[in-house]
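Here is final-v7.cif, consisting of mmCIF, C-alpha atoms:
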```cif
data_model
loop_
_atom_site.label_atom_id
_atom_site.label_comp_id
_atom_site.auth_asym_id
_atom_site.auth_seq_id
_atom_site.Cartn_x
_atom_site.Cartn_y
_atom_site.Cartn_z
CA MET A 12 -10.62 14.85 35.48
CA ASN A 13 -8.47 15.58 32.46
CA ASP A 14 -7.20 12.53 30.62
CA ASP A 15 -4.02 14.10 29.30
CA TYR A 16 -2.02 11.68 31.37
CA LEU A 17 -3.79 8.73 29.80
CA TRP A 18 -3.23 10.25 26.37
CA ASP A 19 0.43 11.26 26.40
CA LYS A 20 1.61 11.02 30.02
CA THR A 21 1.54 14.78 30.48
CA GLY A 22 -0.48 16.84 32.94
CA GLU A 23 -1.63 15.70 36.31
CA PRO A 24 -0.95 11.98 36.75
CA ASP A 25 -4.03 9.82 37.19
CA PRO A 26 -3.32 7.51 40.16
CA GLN A 27 -5.55 4.76 38.81
CA VAL A 28 -3.84 4.78 35.45
CA GLN A 29 -0.47 4.83 37.17
CA GLU A 30 -1.45 1.82 39.26
CA LEU A 31 -2.59 -0.07 36.17
CA GLU A 32 0.65 0.83 34.39
CA GLU A 33 2.63 -0.52 37.31
CA ILE A 34 0.69 -3.79 37.51
CA LEU A 35 0.41 -4.43 33.78
CA GLY A 36 3.99 -3.34 33.14
CA THR A 37 5.07 -6.79 34.33
CA LEU A 38 3.63 -8.20 31.11
CA ARG A 39 5.57 -5.77 28.92
CA TYR A 40 7.57 -7.04 25.97
CA GLN A 41 10.98 -8.41 26.95
CA ARG A 42 13.45 -8.12 24.13
CA LYS A 43 14.46 -11.37 22.51
CA PRO A 44 16.88 -11.45 19.59
CA LEU A 45 15.35 -12.21 16.24
CA GLN A 46 16.91 -15.25 14.61
CA ILE A 47 16.78 -14.86 10.84
CA PRO A 48 17.83 -18.11 9.13
CA ASN A 49 20.82 -17.63 6.85
CA GLU A 50 19.05 -19.14 3.87
CA LEU A 51 16.23 -16.61 4.19
CA ARG A 52 16.54 -13.81 1.66
CA VAL A 53 14.37 -10.82 0.95
CA PRO A 54 13.19 -10.91 -2.66
CA GLN A 55 13.73 -7.69 -4.54
CA ARG A 56 10.82 -5.40 -5.17
CA ARG A 57 9.43 -5.84 -8.64
CA ASN A 58 8.66 -2.57 -10.29
CA TYR A 59 6.75 -3.28 -13.46
CA PHE A 60 5.87 0.32 -14.20
CA PRO A 61 8.89 1.24 -16.38
CA TRP A 62 8.40 -1.86 -18.51
CA LEU A 63 4.70 -1.20 -18.86
CA ALA A 64 5.41 2.41 -19.80
CA ILE A 65 7.96 1.35 -22.39
CA ALA A 66 5.59 -1.25 -23.83
CA ALA A 67 2.78 1.29 -23.99
CA GLY A 68 5.10 3.80 -25.65
CA VAL A 69 6.22 1.28 -28.28
CA LEU A 70 2.63 0.27 -28.94
CA LEU A 71 1.58 3.88 -29.38
CA ALA A 72 4.52 4.53 -31.69
CA ILE A 73 3.59 1.55 -33.85
CA LEU A 74 -0.01 2.69 -33.93
CA ALA A 75 0.99 6.23 -34.84
CA GLY A 76 3.35 4.97 -37.52
CA GLY A 77 0.59 2.82 -38.99
CA ILE A 78 -1.85 5.70 -39.06
CA TRP A 79 0.73 8.01 -40.56
CA LEU A 80 1.73 5.55 -43.28
CA SER A 81 -1.88 4.84 -44.09
CA THR A 82 -2.64 8.55 -44.38
CA ARG A 83 0.46 9.18 -46.50
CA SER A 84 -0.21 6.35 -48.90
CA ARG A 85 -3.75 7.59 -49.41
CA GLY A 86 -2.49 11.08 -50.14
CA ASP A 87 0.26 9.94 -52.50
CA ALA A 88 -1.74 7.38 -54.42
CA PRO A 89 -3.33 9.69 -57.01
CA GLN A 90 -0.07 11.57 -57.64
CA ARG A 91 1.95 8.42 -58.18
CA GLN A 92 -0.69 7.01 -60.35
CA ALA A 93 -0.76 10.13 -62.44
CA GLU A 94 3.02 10.06 -62.82
CA VAL A 95 3.03 6.47 -63.94
CA LEU A 96 0.17 6.81 -66.34
CA SER A 97 1.17 10.11 -67.90
CA PRO A 98 3.23 8.56 -70.75
CA ALA A 99 0.16 6.81 -71.98
CA PRO A 100 -1.44 9.43 -74.19
CA VAL A 101 -4.93 8.13 -74.72
CA LYS A 102 -5.71 5.82 -71.88
CA GLU A 103 -7.41 7.29 -68.90
CA VAL A 104 -7.25 4.93 -66.03
CA THR A 105 -9.51 5.53 -63.12
CA PRO A 106 -8.49 3.30 -60.27
CA SER A 107 -11.92 2.97 -58.78
CA VAL A 108 -13.41 1.79 -62.07
CA PRO A 109 -10.82 -0.32 -63.87
CA LYS A 110 -11.47 -0.64 -67.54
CA THR A 111 -10.43 -4.19 -68.09
CA PRO A 112 -11.47 -4.64 -71.70
CA GLU A 113 -9.37 -1.67 -72.92
CA ARG A 114 -6.24 -3.15 -71.45
CA LYS A 115 -6.14 -5.66 -74.19
CA ASN A 116 -4.54 -2.96 -76.35
CA GLU A 117 -2.00 -1.84 -73.78
CA SER A 118 1.68 -2.46 -74.32
CA PRO A 119 3.29 -4.91 -71.86
CA GLU A 120 5.21 -2.03 -70.17
CA GLU A 121 2.02 -0.13 -69.59
CA MET A 122 0.30 -3.17 -68.26
CA VAL A 123 3.12 -3.79 -65.82
CA ALA A 124 2.99 -0.17 -64.74
CA VAL A 125 -0.73 -0.27 -64.22
CA HIS A 126 -0.64 -3.52 -62.31
CA LYS A 127 2.27 -2.43 -60.19
CA HIS A 128 0.78 0.84 -59.08
CA ARG A 129 -2.85 0.02 -59.13
CA PRO A 130 -4.23 1.06 -55.78
CA ARG A 131 -6.07 -1.47 -53.73
CA SER A 132 -9.72 -1.60 -54.51
CA SER A 133 -10.55 -0.86 -50.87
CA THR A 134 -8.47 2.36 -50.88
CA PRO A 135 -10.57 5.28 -52.01
CA VAL A 136 -9.02 8.15 -53.92
CA LEU A 137 -9.00 11.27 -51.78
CA SER A 138 -9.89 14.64 -53.07
CA LYS A 139 -7.70 17.61 -52.19
CA GLN A 140 -9.99 18.61 -49.37
CA GLU A 141 -10.07 15.08 -47.97
CA HIS A 142 -6.31 14.91 -48.19
CA GLU A 143 -6.01 18.09 -46.16
CA GLU A 144 -8.45 16.76 -43.60
CA ALA A 145 -6.44 13.57 -43.35
CA LEU A 146 -3.28 15.58 -42.79
CA MET A 147 -4.99 17.57 -40.07
CA ALA A 148 -6.17 14.35 -38.47
CA LYS A 149 -2.64 13.05 -38.58
CA GLU A 150 -1.40 16.19 -36.85
CA GLN A 151 -4.01 15.72 -34.16
CA VAL A 152 -2.99 12.12 -33.61
CA MET A 153 0.64 13.16 -33.36
CA LEU A 154 -0.27 15.87 -30.86
CA ALA A 155 -2.28 13.39 -28.80
CA LEU A 156 0.65 11.00 -28.83
CA ARG A 157 3.01 13.70 -27.65
CA LEU A 158 0.62 14.58 -24.83
CA THR A 159 0.32 10.93 -23.85
CA THR A 160 4.10 10.58 -23.76
CA GLU A 161 4.40 13.65 -21.54
CA LYS A 162 1.73 12.36 -19.18
CA LEU A 163 3.34 8.95 -19.00
CA SER A 164 6.69 10.46 -18.10
CA LEU A 165 5.01 12.66 -15.48
CA VAL A 166 3.33 9.64 -13.90
CA HIS A 167 6.62 7.82 -13.99
CA LYS A 168 8.36 10.67 -12.17
CA LYS A 169 5.62 10.80 -9.55
CA THR A 170 5.82 7.10 -8.85
CA GLN A 171 9.56 7.37 -8.38
CA ASN A 172 9.11 9.90 -5.55
CA ALA A 173 8.64 8.93 -1.93
CA TYR A 174 5.11 8.11 -0.92
CA PRO A 175 3.44 10.21 1.78
CA ALA A 176 2.90 8.70 5.21
CA ASN A 177 -0.07 6.42 5.28
CA GLN A 178 -2.81 7.33 7.70
CA ILE A 179 -5.88 5.20 8.06
CA LYS A 180 -8.44 7.89 8.67
CA ASN A 181 -11.66 7.84 10.63
CA GLN A 182 -11.13 4.36 11.87
CA HIS A 183 -12.34 3.82 15.37
CA ARG A 184 -12.57 0.11 15.19
CA VAL A 185 -9.52 -2.03 14.97
CA GLY A 186 -9.14 -5.16 12.94
CA MET B 26 -15.25 14.47 35.39
CA TYR B 27 -14.02 13.07 32.11
CA ALA B 28 -13.77 14.96 28.90
CA THR B 29 -16.51 14.00 26.49
CA ALA B 30 -15.77 12.23 23.23
CA ASP B 31 -16.72 15.37 21.32
CA MET B 32 -14.20 17.42 23.27
CA LEU B 33 -11.58 14.83 22.57
CA LEU B 34 -12.34 14.81 18.88
CA THR B 35 -12.24 18.57 18.55
CA SER B 36 -9.01 19.03 20.43
CA PRO B 37 -6.64 16.32 19.33
CA ALA B 38 -3.19 16.62 20.77
CA PRO B 39 -0.49 17.57 18.32
CA ALA B 40 1.37 14.65 16.85
CA ALA B 41 4.60 13.76 18.56
CA PRO B 42 7.51 15.50 16.84
CA GLU B 43 9.54 12.31 16.88
CA GLN B 44 6.86 10.52 14.88
CA SER B 45 7.82 11.89 11.46
CA HIS B 46 11.46 11.24 12.31
CA GLU B 47 10.59 7.66 13.13
CA THR B 48 8.75 7.31 9.83
CA ALA B 49 11.81 8.59 8.00
CA ILE B 50 13.93 6.03 9.82
CA GLU B 51 11.67 3.18 8.85
CA VAL B 52 11.70 4.27 5.21
CA VAL B 53 15.51 4.16 5.25
CA LEU B 54 15.54 0.84 7.08
CA VAL B 55 13.05 -0.82 4.73
CA LYS B 56 15.09 0.32 1.75
CA ALA B 57 18.27 -0.99 3.34
CA VAL B 58 16.71 -4.37 4.08
CA LEU B 59 15.47 -4.68 0.51
CA GLU B 60 19.03 -4.08 -0.61
CA GLY B 61 20.21 -6.96 1.56
CA ASP B 62 20.99 -5.35 4.91
CA ARG B 63 19.86 -7.83 7.57
CA ASP B 64 20.84 -5.54 10.43
CA GLY B 65 18.32 -3.05 9.16
CA PHE B 66 15.59 -5.58 9.77
CA THR B 67 16.88 -6.20 13.29
CA ARG B 68 16.45 -2.48 13.94
CA LEU B 69 12.93 -2.59 12.54
CA TYR B 70 12.29 -5.53 14.85
CA ASP B 71 13.54 -3.56 17.83
CA LEU B 72 11.31 -0.64 16.89
CA TYR B 73 8.14 -2.60 16.25
CA ALA B 74 8.33 -5.72 18.41
CA PRO B 75 6.54 -3.98 21.34
CA LEU B 76 3.71 -3.00 18.99
CA VAL B 77 3.31 -6.55 17.69
CA HIS B 78 3.62 -7.95 21.20
CA GLY B 79 0.86 -5.64 22.44
CA ILE B 80 -1.45 -6.45 19.54
CA LEU B 81 -1.04 -10.17 20.17
CA LEU B 82 -1.34 -9.86 23.93
CA ALA B 83 -4.76 -8.29 23.44
CA ARG B 84 -5.91 -11.30 21.43
CA VAL B 85 -4.09 -14.58 22.07
CA PRO B 86 -2.99 -16.49 25.20
CA ARG B 87 0.05 -15.01 26.85
CA ALA B 88 2.08 -18.20 26.49
CA GLU B 89 1.78 -18.05 22.69
CA VAL B 90 2.70 -14.43 22.22
CA ASP B 91 6.51 -14.60 22.14
CA ASP B 92 6.63 -17.35 19.51
CA LEU B 93 4.07 -15.56 17.39
CA VAL B 94 6.07 -12.32 17.53
CA GLN B 95 9.07 -14.15 16.06
CA ASP B 96 6.93 -15.85 13.41
CA ILE B 97 5.34 -12.59 12.37
CA PHE B 98 8.67 -10.83 11.92
CA LEU B 99 10.11 -13.71 9.91
CA HIS B 100 7.01 -13.65 7.72
CA ALA B 101 7.38 -9.89 7.34
CA TYR B 102 11.03 -10.35 6.35
CA LYS B 103 10.07 -12.76 3.59
CA LYS B 104 7.26 -10.56 2.34
CA LEU B 105 8.89 -7.17 2.73
CA HIS B 106 9.16 -6.72 -1.03
CA THR B 107 5.37 -6.68 -1.21
CA LEU B 108 5.17 -3.59 1.01
CA ARG B 109 4.27 -0.81 -1.39
CA GLU B 110 4.95 2.17 0.84
CA SER B 111 8.00 1.93 3.04
CA SER B 112 6.57 4.51 5.44
CA SER B 113 3.66 2.15 6.17
CA PHE B 114 5.74 -0.57 7.75
CA GLY B 115 4.01 -0.07 11.13
CA PRO B 116 0.41 -0.34 9.89
CA TRP B 117 1.48 -3.21 7.65
CA ILE B 118 3.04 -5.34 10.36
CA ALA B 119 0.20 -4.46 12.74
CA MET B 120 -2.22 -5.87 10.17
CA ILE B 121 -0.13 -9.02 9.81
CA ALA B 122 -0.22 -9.45 13.58
CA ARG B 123 -4.00 -9.03 13.73
CA ASN B 124 -4.48 -11.52 10.91
CA ARG B 125 -2.15 -13.97 12.58
CA ALA B 126 -4.16 -13.69 15.80
CA VAL B 127 -7.34 -14.42 13.85
CA ASP B 128 -5.65 -17.44 12.25
CA PHE B 129 -4.58 -18.63 15.65
CA HIS B 130 -8.18 -18.75 16.86
CA ARG B 131 -9.41 -20.20 13.57
CA ARG B 132 -7.12 -23.17 13.94
CA LYS B 133 -8.87 -23.90 17.25
CA HIS B 134 -5.88 -24.25 19.45
CA GLU B 135 -6.65 -25.73 22.75
CA THR B 136 -7.44 -23.05 25.26
CA VAL B 137 -4.56 -22.50 27.59
CA GLU B 138 -5.76 -22.70 31.13
CA ILE B 139 -4.47 -19.97 33.35
CA ASN B 140 -2.94 -21.97 36.12
CA ASP B 141 -0.74 -20.75 38.88
CA GLU B 142 2.40 -21.30 36.86
CA LEU B 143 1.22 -19.13 34.01
CA ARG B 144 -0.21 -16.54 36.33
CA GLY B 145 3.19 -16.18 37.93
CA SER B 146 4.41 -16.87 41.35
CA ASN B 147 3.96 -13.42 42.79
CA THR B 148 0.75 -11.61 43.50
CA GLN B 149 1.42 -8.71 41.15
CA ASP B 150 1.85 -11.00 38.16
CA SER B 151 -1.34 -12.79 39.04
CA ARG B 152 -3.17 -9.47 39.32
CA ALA B 153 -1.73 -8.40 35.97
CA THR B 154 -3.10 -11.53 34.31
CA GLU B 155 -6.52 -10.91 35.80
CA ILE B 156 -6.61 -7.31 34.56
CA LEU B 157 -5.42 -8.44 31.15
CA GLU B 158 -8.34 -10.85 30.99
CA LEU B 159 -10.69 -7.98 31.78
CA ILE B 160 -9.19 -5.93 28.97
CA ARG B 161 -9.58 -8.84 26.56
CA ASN B 162 -13.26 -8.95 27.36
CA LEU B 163 -13.72 -5.31 26.34
CA PRO B 164 -14.95 -4.44 22.83
CA GLU B 165 -12.30 -5.11 20.21
CA ALA B 166 -11.75 -1.47 19.36
CA TYR B 167 -10.53 -0.68 22.87
CA ARG B 168 -8.47 -3.78 23.70
CA GLU B 169 -5.49 -3.14 21.52
CA THR B 170 -5.18 0.55 22.35
CA LEU B 171 -5.41 -0.07 26.09
CA VAL B 172 -2.83 -2.85 26.02
CA LEU B 173 -0.42 -0.72 23.99
CA ARG B 174 -0.88 2.15 26.43
CA LEU B 175 -0.98 0.34 29.77
CA VAL B 176 1.18 -2.73 29.11
CA GLU B 177 3.67 -1.57 26.50
CA GLY B 178 3.83 1.97 27.88
CA MET B 179 3.31 3.76 24.56
CA THR B 180 1.72 7.19 24.47
CA GLY B 181 -1.37 7.93 22.41
CA PRO B 182 0.57 9.72 19.64
CA GLU B 183 3.00 6.80 19.44
CA ILE B 184 0.13 4.33 19.11
CA ALA B 185 -1.42 6.45 16.36
CA GLY B 186 1.85 6.81 14.48
CA ARG B 187 2.74 3.14 14.58
CA THR B 188 -0.66 1.62 13.90
CA GLY B 189 -1.76 4.11 11.25
CA LEU B 190 -4.89 5.07 13.18
CA THR B 191 -5.69 8.75 13.53
CA ALA B 192 -4.81 10.46 16.78
CA ALA B 193 -8.47 11.30 17.36
CA SER B 194 -9.49 7.64 17.02
CA VAL B 195 -6.81 6.48 19.41
CA ARG B 196 -7.78 9.14 21.93
CA VAL B 197 -11.43 8.18 21.81
CA ASN B 198 -10.60 4.48 22.09
CA LEU B 199 -8.36 5.13 25.08
CA HIS B 200 -10.93 7.27 26.80
CA ARG B 201 -13.87 4.94 26.27
CA GLY B 202 -11.85 1.79 26.91
CA MET B 203 -10.46 3.18 30.13
CA LYS B 204 -13.93 4.15 31.27
CA LEU B 205 -15.18 0.59 30.70
CA LEU B 206 -12.13 -0.88 32.39
CA ARG B 207 -12.67 1.31 35.44
CA GLU B 208 -16.23 0.06 35.64
CA GLN B 209 -15.01 -3.51 35.42
CA LEU B 210 -12.41 -2.96 38.08
CA GLY B 211 -14.80 -1.24 40.44
CA PHE B 212 -12.93 2.01 40.32
CA MET B 213 -16.13 4.01 40.03
CA GLU B 214 -16.23 5.31 43.55
CA GLY B 215 -13.71 8.02 42.83
CA LEU B 216 -15.53 9.49 39.80
#
```

Final structure tokens representation of the file:
Amino acid sequence: MNDDYLWDKTGEPDPQVQELEEILGTLRYQRKPLQIPNELRVPQRRNYFPWLAIAAGVLLAILAGGIWLSTRSRGDAPQRQAEVLSPAPVKEVTPSVPKTPERKNESPEEMVAVHKHRPRSSTPVLSKQEHEEALMAKEQVMLALRLTTEKLSLVHKKTQNAYPANQIKNQHRVG
Amino acid sequence: MYATADMLLTSPAPAAPEQSHETAIEVVLVKAVLEGDRDGFTRLYDLYAPLVHGILLARVPRAEVDDLVQDIFLHAYKKLHTLRESSSFGPWIAMIARNRAVDFHRRKHETVEINDELRGSNTQDSRATEILELIRNLPEAYRETLVLRLVEGMTGPEIAGRTGLTAASVRVNLHRGMKLLREQLGFMEGL
């Protein structure tokens, strides 16, 4: 016997199924109006994604800015130092090895200049090749940031679209 | 002769064409309710109350079902904002109903005796209650599907669409559940 009738009520009717439908139909749901209390309100959906995306974007921008500034200051440090120290004809100031005893003979202006623009002891002086490498690294970071931004906006667009119908697959058991 | 489970699995019936339409309706209704439209929820209630009723009828005493249906829909109304996918309203409320039935038994309500009043005055109602008890004694996987089909009058594709089960699973559950029910009812002589 085909069970099409049991499945979707098509095909040859199964008399036993029909009899069961008739008997059990007396227990079928009888519509009763739903009473929703007036004070009951549906809270709005909270979509945290845009805020998270914005926060992540700001964080990345700050990080990128920090990296960029750090790279720039490293690159500029020797040039600035050279500019400042050029009026001093004899003195040769190497930032990594400060010559403290010689400074006793410096004029006050020179001393101010040296102290103002002395690079931090932890900042190493970059050679030309290192400077170029740093610039390349900066470019890579900027590129990565741009990619991240694009991906974030793509994810955002996807989450804004309608979700596909949910199907619980391969589930024979209920509950 | 019945079709085997393998045959059923390899030749699932095509999904009902109205099913995707119904899903689209529920997406619109859920959105409307979240924007404050109470009537939208009444329409969702009308669409899904038979499903919830059937799920409960397969698990809890008949006398408790109507109150629980109301409770479940009020709970769903309060928690609707937690539903991530509007198209999954059916599977979502079906799960709430199943959990509520489990809670009902966990709280150890006193068993409701099936007396003549609850069985109904006429013979057919009494017979219906007896058959329902037989269905409730079947394995869990078959109970719900059989009640939705035989009591609530849903078709297999409708059951699949509203509960989120696959059509193949529903078909197998219907087939195997019906076979067991026939055995219980002593309908085997015709096979």

For this session: Return the single residue from A:Met153, A:Leu45, A:Leu17, A:Val136 that is closest to Leu93 in chain B, with distances computed using all atoms listed in the file.
Result: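 With all atoms listed in the file as the atom set, the closest residue is A:Leu45.
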
Name every residue that the PyMOL selection byres ((chain B) within 6 of (chain A)) selects in this structure, writing the answer as a PDB file with C-alpha atoms, in the coordinates of the input with chains first and numbers rising.
```pdb
ATOM      1  CA  MET B  26     -15.250  14.470  35.390  1.00  0.00           C
ATOM      2  CA  TYR B  27     -14.020  13.070  32.110  1.00  0.00           C
ATOM      3  CA  PRO B  75       6.540  -3.980  21.340  1.00  0.00           C
ATOM      4  CA  LYS B 103      10.070 -12.760   3.590  1.00  0.00           C
ATOM      5  CA  HIS B 106       9.160  -6.720  -1.030  1.00  0.00           C
ATOM      6  CA  SER B 112       6.570   4.510   5.440  1.00  0.00           C
ATOM      7  CA  SER B 113       3.660   2.150   6.170  1.00  0.00           C
ATOM      8  CA  ALA B 153      -1.730  -8.400  35.970  1.00  0.00           C
ATOM      9  CA  ALA B 166     -11.750  -1.470  19.360  1.00  0.00           C
ATOM     10  CA  LEU B 175      -0.980   0.340  29.770  1.00  0.00           C
ATOM     11  CA  VAL B 176       1.180  -2.730  29.110  1.00  0.00           C
ATOM     12  CA  GLU B 177       3.670  -1.570  26.500  1.00  0.00           C
ATOM     13  CA  THR B 180       1.720   7.190  24.470  1.00  0.00           C
ATOM     14  CA  GLY B 181      -1.370   7.930  22.410  1.00  0.00           C
ATOM     15  CA  GLY B 189      -1.760   4.110  11.250  1.00  0.00           C
ATOM     16  CA  LEU B 190      -4.890   5.070  13.180  1.00  0.00           C
ATOM     17  CA  THR B 191      -5.690   8.750  13.530  1.00  0.00           C
ATOM     18  CA  SER B 194      -9.490   7.640  17.020  1.00  0.00           C
TER      19      SER B 194
END
```

Problem set entry | Of the listed residues B:Lys56, B:His78, B:Arg125, B:Arg131, that which approaches Ser111 in chain B most closely, counting all atoms listed in the file |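 Distance minimum relative to Ser111 in chain B lands on B:Lys56.
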
Problem set entry | Distance in Å - CA of Ala126 in chain B versus CA of Leu76 in chain B |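 We find that CA of Ala126 in chain B and CA of Leu76 in chain B lie 13.7 Å from each other.
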
For this session: Would you mind telling me which residue in B:Asp62, B:Gln209, B:Ala83, B:Arg109 lies nearest to Val172 in chain B when using all atoms listed in the file?
Result: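 Looking at the shortest contact to Val172 in chain B, the residue is B:Ala83.
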
For this session: Kindly resolve the PyMOL selection byres ((chain A and resi 147-149) around 10) on the present coordinates and return the residues as a list in words.
Result: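 Output from the PyMOL selection byres ((chain A and resi 147-149) around 10), applied to this file: Ala75, Ile78, Trp79, Leu80, Ser81, Thr82, Arg83, Glu141, His142, Glu143, Glu144, Ala145, Leu146, Glu150, Gln151, Val152, Met153, Leu154 and Ala155 of chain A.
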
With C-alpha atoms kept, could you save the residues just selected as a compact mmCIF listing (two decimals), keeping the file's coordinate frame?
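Result file follows (again-v9.txt):
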```
# COMPACT_ATOMS: atom_id res chain seq x y z
CA ALA A 75 0.99 6.23 -34.84
CA ILE A 78 -1.85 5.70 -39.06
CA TRP A 79 0.73 8.01 -40.56
CA LEU A 80 1.73 5.55 -43.28
CA SER A 81 -1.88 4.84 -44.09
CA THR A 82 -2.64 8.55 -44.38
CA ARG A 83 0.46 9.18 -46.50
CA GLU A 141 -10.07 15.08 -47.97
CA HIS A 142 -6.31 14.91 -48.19
CA GLU A 143 -6.01 18.09 -46.16
CA GLU A 144 -8.45 16.76 -43.60
CA ALA A 145 -6.44 13.57 -43.35
CA LEU A 146 -3.28 15.58 -42.79
CA GLU A 150 -1.40 16.19 -36.85
CA GLN A 151 -4.01 15.72 -34.16
CA VAL A 152 -2.99 12.12 -33.61
CA MET A 153 0.64 13.16 -33.36
CA LEU A 154 -0.27 15.87 -30.86
CA ALA A 155 -2.28 13.39 -28.80
```

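Going from CA of Gly65 in chain B over to CA of Val53 in chain B, you cover 8.7 Å.
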
For this session: Can you work out the spacing between CA of Thr188 in chain B and CA of Leu69 in chain B in Å, to one decimal?
Result: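 Separation between CA of Thr188 in chain B and CA of Leu69 in chain B: 14.3 Å.
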
For this session: I need the residue set behind the PyMOL selection byres ((chain B and resi 119) around 9) for this file; please write it as a list in words.
Result: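 Output of the PyMOL selection byres ((chain B and resi 119) around 9): Tyr73, Leu76, Val77, Ile80, Phe114, Gly115, Pro116, Trp117, Ile118, Met120, Ile121, Ala122, Arg123, Asn124, Arg187, Thr188 and Gly189 of chain B.
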
Generate the output file for the selected residues, C-alpha atoms, as a CSV table (one decimal), keeping the file's coordinate frame.
```
chain,number,residue,atom,x,y,z
B,73,TYR,CA,8.1,-2.6,16.2
B,76,LEU,CA,3.7,-3.0,19.0
B,77,VAL,CA,3.3,-6.6,17.7
B,80,ILE,CA,-1.4,-6.4,19.5
B,114,PHE,CA,5.7,-0.6,7.8
B,115,GLY,CA,4.0,-0.1,11.1
B,116,PRO,CA,0.4,-0.3,9.9
B,117,TRP,CA,1.5,-3.2,7.6
B,118,ILE,CA,3.0,-5.3,10.4
B,120,MET,CA,-2.2,-5.9,10.2
B,121,ILE,CA,-0.1,-9.0,9.8
B,122,ALA,CA,-0.2,-9.4,13.6
B,123,ARG,CA,-4.0,-9.0,13.7
B,124,ASN,CA,-4.5,-11.5,10.9
B,187,ARG,CA,2.7,3.1,14.6
B,188,THR,CA,-0.7,1.6,13.9
B,189,GLY,CA,-1.8,4.1,11.2
```

Problem set entry | Nearest residue to Gln171 in chain A from the set B:Glu51, B:Asp71, B:Glu89, B:Glu110 (distances using only C-alpha atoms) |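 Checking each candidate against Gln171 in chain A, we get B:Glu110 as the closest.
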
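Comparing the minimum interatomic distances between Glu208 in chain B and each of B:Val90, B:Leu99, B:Ala185, B:Leu159, counting all atoms listed in the file, we find that B:Leu159 sits nearest.
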
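Compared by their closest atoms to Glu161 in chain A, and using all atoms listed in the file, the residues A:Glu50, A:Ala64, A:Gln140, A:Ser84 rank with A:Ala64 nearest.
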
Would you mind completing range 43-55 of chain A to N, CA and C atoms and writing the output as a short mmCIF file (atom, residue, chain, number, x, y, z; two decimals), in the coordinates of the input?
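Final output, saved to part14.cif:
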```
data_model
loop_
_atom_site.label_atom_id
_atom_site.label_comp_id
_atom_site.auth_asym_id
_atom_site.auth_seq_id
_atom_site.Cartn_x
_atom_site.Cartn_y
_atom_site.Cartn_z
N LYS A 43 13.82 -10.10 22.84
CA LYS A 43 14.46 -11.37 22.51
C LYS A 43 15.05 -11.21 21.12
N PRO A 44 16.27 -11.66 20.92
CA PRO A 44 16.88 -11.45 19.59
C PRO A 44 16.13 -12.21 18.51
N LEU A 45 16.03 -11.56 17.37
CA LEU A 45 15.35 -12.21 16.24
C LEU A 45 16.36 -13.07 15.49
N GLN A 46 16.02 -14.33 15.33
CA GLN A 46 16.91 -15.25 14.61
C GLN A 46 16.43 -15.38 13.16
N ILE A 47 17.14 -14.73 12.26
CA ILE A 47 16.78 -14.86 10.84
C ILE A 47 17.65 -15.96 10.23
N PRO A 48 17.04 -17.04 9.75
CA PRO A 48 17.83 -18.11 9.13
C PRO A 48 18.69 -17.57 7.98
N ASN A 49 19.88 -18.12 7.87
CA ASN A 49 20.82 -17.63 6.85
C ASN A 49 20.29 -17.80 5.43
N GLU A 50 19.53 -18.89 5.23
CA GLU A 50 19.05 -19.14 3.87
C GLU A 50 17.89 -18.22 3.49
N LEU A 51 17.37 -17.50 4.47
CA LEU A 51 16.23 -16.61 4.19
C LEU A 51 16.71 -15.33 3.53
N ARG A 52 16.15 -15.02 2.39
CA ARG A 52 16.54 -13.81 1.66
C ARG A 52 15.29 -13.00 1.34
N VAL A 53 15.48 -11.69 1.33
CA VAL A 53 14.37 -10.82 0.95
C VAL A 53 14.35 -10.70 -0.57
N PRO A 54 13.26 -11.12 -1.21
CA PRO A 54 13.19 -10.91 -2.66
C PRO A 54 13.17 -9.43 -2.98
N GLN A 55 13.71 -9.10 -4.13
CA GLN A 55 13.73 -7.69 -4.54
C GLN A 55 12.33 -7.25 -4.95
#
```
